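**Student:** Here you go, one structure.
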Amino acid sequence: MIVNEVRSPELAVPNGHFSQATWAPASGRLVFISGMTARNKEGGVTGVGDVTAQTHQVCQNLKAAVEAAGGTLAHIARVDVFVRNMEDFKAIHAVREQYFSGVSPASTLVEVLKFVNKDYLIEINAIAVIPEEAA
């Protein structure tokens with residue numbers, strides 16, 4: 001496993017599908033994935049009004065980007081999540097659990113007022129660490 005979880009007894013257990021911190025070996029390829037939205041391959045927005053459908057599309061987009069760089073979702077060490085409604089926290093994390101098995105990436109989640117497209121409900125960017133042997 002490339003990404004490893006860090007747990008401190010001085011911190012509360014995370015209340016969602018994320019790690020308190022992660023670490024990864026310094027050798028390999030760092031991949032910085034731009035903010036992915038529910039924009040599908042055809043350029044449309046998947047799941048207008050449906051945060052679960054949009055989160056699935058976002059995770060599929062992250063998967064496509066990291067795979068194009070020679071890695072897998074398991075190589076993602078950190079994500080930043082931007083949402084229109086913090087009340088969607090549980091629904092978003094339920095979807096994330098389906099894509100990020102094993103060590104969960106370190107994560108920040110914040111509510112924002114607007115996105116580039118009024119139909120977007122979520123955006124996630126990521127940092128992956130891909131070992132030389134995988135790349």
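Chain identifiers are assigned as A, B, and so on, following the order in which chains appear in the structure tokens; residues are numbered from 1 within each chain, and ligands are numbered from 1 in order of appearance.
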Apply DSSP to the structure's backbone, then extract all residues of region 10-98 of chain A labelled strand (DSSP E) and return them as a PyMOL selection string.
**Tutor:** chain A and resi 21-23+29-36+76-83
**Student:** Can you list every residue in chain A that DSSP puts in alpha helix (DSSP H), as an NGL selection string?
**Tutor:** :A and (51-68 or 89-99)
**Student:** Pull N, CA and C atoms from the residues just selected and write them as an mmCIF file, in the first residue's frame.
**Tutor:**
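Final output, saved to out-v5.cif:
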```
data_model
loop_
_atom_site.group_PDB
_atom_site.id
_atom_site.type_symbol
_atom_site.label_atom_id
_atom_site.label_comp_id
_atom_site.auth_asym_id
_atom_site.auth_seq_id
_atom_site.Cartn_x
_atom_site.Cartn_y
_atom_site.Cartn_z
ATOM 1 N N VAL A 51 -27.027 15.076 -5.394
ATOM 2 C CA VAL A 51 -25.640 15.059 -4.915
ATOM 3 C C VAL A 51 -25.035 13.663 -4.955
ATOM 4 N N THR A 52 -25.839 12.621 -4.778
ATOM 5 C CA THR A 52 -25.308 11.250 -4.832
ATOM 6 C C THR A 52 -24.826 10.929 -6.242
ATOM 7 N N ALA A 53 -25.648 11.209 -7.243
ATOM 8 C CA ALA A 53 -25.258 10.966 -8.631
ATOM 9 C C ALA A 53 -24.050 11.817 -9.007
ATOM 10 N N GLN A 54 -24.029 13.058 -8.553
ATOM 11 C CA GLN A 54 -22.890 13.921 -8.865
ATOM 12 C C GLN A 54 -21.617 13.429 -8.197
ATOM 13 N N THR A 55 -21.714 12.944 -6.972
ATOM 14 C CA THR A 55 -20.526 12.444 -6.281
ATOM 15 C C THR A 55 -19.982 11.211 -6.987
ATOM 16 N N HIS A 56 -20.861 10.340 -7.460
ATOM 17 C CA HIS A 56 -20.402 9.186 -8.251
ATOM 18 C C HIS A 56 -19.635 9.664 -9.485
ATOM 19 N N GLN A 57 -20.167 10.657 -10.201
ATOM 20 C CA GLN A 57 -19.496 11.149 -11.403
ATOM 21 C C GLN A 57 -18.152 11.776 -11.052
ATOM 22 N N VAL A 58 -18.113 12.547 -9.973
ATOM 23 C CA VAL A 58 -16.856 13.153 -9.533
ATOM 24 C C VAL A 58 -15.824 12.069 -9.224
ATOM 25 N N CYS A 59 -16.216 11.038 -8.498
ATOM 26 C CA CYS A 59 -15.285 9.951 -8.160
ATOM 27 C C CYS A 59 -14.830 9.203 -9.415
ATOM 28 N N GLN A 60 -15.731 9.017 -10.367
ATOM 29 C CA GLN A 60 -15.342 8.380 -11.633
ATOM 30 C C GLN A 60 -14.358 9.269 -12.394
ATOM 31 N N ASN A 61 -14.545 10.574 -12.329
ATOM 32 C CA ASN A 61 -13.620 11.500 -12.980
ATOM 33 C C ASN A 61 -12.253 11.474 -12.302
ATOM 34 N N LEU A 62 -12.230 11.435 -10.968
ATOM 35 C CA LEU A 62 -10.960 11.317 -10.239
ATOM 36 C C LEU A 62 -10.251 10.027 -10.635
ATOM 37 N N LYS A 63 -11.011 8.938 -10.704
ATOM 38 C CA LYS A 63 -10.458 7.637 -11.081
ATOM 39 C C LYS A 63 -9.844 7.700 -12.479
ATOM 40 N N ALA A 64 -10.546 8.307 -13.418
ATOM 41 C CA ALA A 64 -10.030 8.418 -14.787
ATOM 42 C C ALA A 64 -8.739 9.231 -14.817
ATOM 43 N N ALA A 65 -8.691 10.318 -14.064
ATOM 44 C CA ALA A 65 -7.505 11.177 -14.054
ATOM 45 C C ALA A 65 -6.303 10.460 -13.439
ATOM 46 N N VAL A 66 -6.495 9.807 -12.301
ATOM 47 C CA VAL A 66 -5.364 9.133 -11.653
ATOM 48 C C VAL A 66 -4.907 7.933 -12.475
ATOM 49 N N GLU A 67 -5.832 7.236 -13.125
ATOM 50 C CA GLU A 67 -5.451 6.107 -13.981
ATOM 51 C C GLU A 67 -4.681 6.592 -15.215
ATOM 52 N N ALA A 68 -5.050 7.745 -15.749
ATOM 53 C CA ALA A 68 -4.322 8.296 -16.894
ATOM 54 C C ALA A 68 -2.882 8.637 -16.516
ATOM 55 N N PHE A 89 -23.300 15.936 3.640
ATOM 56 C CA PHE A 89 -22.107 15.253 4.169
ATOM 57 C C PHE A 89 -22.248 13.730 4.155
ATOM 58 N N LYS A 90 -23.307 13.211 4.762
ATOM 59 C CA LYS A 90 -23.480 11.748 4.865
ATOM 60 C C LYS A 90 -23.630 11.099 3.499
ATOM 61 N N ALA A 91 -24.389 11.702 2.616
ATOM 62 C CA ALA A 91 -24.590 11.136 1.276
ATOM 63 C C ALA A 91 -23.276 11.109 0.505
ATOM 64 N N ILE A 92 -22.491 12.161 0.630
ATOM 65 C CA ILE A 92 -21.204 12.235 -0.058
ATOM 66 C C ILE A 92 -20.259 11.161 0.466
ATOM 67 N N HIS A 93 -20.181 11.015 1.767
ATOM 68 C CA HIS A 93 -19.273 10.025 2.354
ATOM 69 C C HIS A 93 -19.727 8.596 2.068
ATOM 70 N N ALA A 94 -21.018 8.376 1.940
ATOM 71 C CA ALA A 94 -21.505 7.039 1.567
ATOM 72 C C ALA A 94 -20.994 6.659 0.176
ATOM 73 N N VAL A 95 -20.954 7.616 -0.727
ATOM 74 C CA VAL A 95 -20.423 7.347 -2.070
ATOM 75 C C VAL A 95 -18.908 7.189 -2.007
ATOM 76 N N ARG A 96 -18.221 8.058 -1.286
ATOM 77 C CA ARG A 96 -16.760 7.970 -1.187
ATOM 78 C C ARG A 96 -16.312 6.596 -0.704
ATOM 79 N N GLU A 97 -17.054 6.011 0.234
ATOM 80 C CA GLU A 97 -16.707 4.675 0.748
ATOM 81 C C GLU A 97 -16.696 3.628 -0.357
ATOM 82 N N GLN A 98 -17.481 3.824 -1.392
ATOM 83 C CA GLN A 98 -17.543 2.870 -2.503
ATOM 84 C C GLN A 98 -16.313 2.964 -3.409
ATOM 85 N N TYR A 99 -15.646 4.094 -3.404
ATOM 86 C CA TYR A 99 -14.500 4.308 -4.291
ATOM 87 C C TYR A 99 -13.159 4.220 -3.565
#
```
**Student:** Applying 12 Å and only C-alpha atoms, which residues near Val31 (chain A) remain after dropping the ones on its own chain fewer than 6 positions away? List them as JSON, numbers by chain.
**Tutor:** {"A": [62, 65, 66, 67, 68, 69, 70, 71, 72, 73, 75, 76, 77, 78, 79, 125, 126, 127, 128, 129, 130, 131, 135]}
**Student:** With only C-alpha atoms as the basis for distance, which of A:Phe32, A:Asn40, A:Gly16, A:Leu11 is at the shortest distance from Asp88 (chain A)?
**Tutor:** A:Gly16
**Student:** From the set A:Glu123, A:Glu133, A:Asp50, A:Glu5, which residue has the shortest atom-to-atom contact distance to Phe82 (chain A), counting only C-alpha atoms?
**Tutor:** A:Glu123
**Student:** Would you please work out which residue, of A:Val116, A:Glu132, A:Pro105, A:Leu121, is nearest to Asp80 (chain A) when using only C-alpha atoms?
**Tutor:** A:Pro105
**Student:** Figure out the distance between CA of Glu111 (chain A) and CA of Val13 (chain A), please, to one decimal in Å.
**Tutor:**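 Result for CA of Val13 (chain A) versus CA of Glu111 (chain A): 21.4 Å, one decimal.
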**Student:** For a test of reading the model, state the distance in Å between CA of Ala38 (chain A) and CA of Ser19 (chain A), rounded to one decimal.
**Tutor:**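 CA of Ser19 (chain A) lies 24.0 Å from CA of Ala38 (chain A).
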**Student:** Between CA of Lys41 (chain A) and CA of Thr108 (chain A), what is the spacing in Å?
**Tutor:**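 These atoms are spaced 26.3 Å apart.
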**Student:** Counting only C-alpha atoms, which of A:Val6, A:Val103, A:Leu113, A:Val45 gets nearest to Ala74 (chain A)?
**Tutor:**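 For Ala74 (chain A), the nearest of the candidates is A:Val103.
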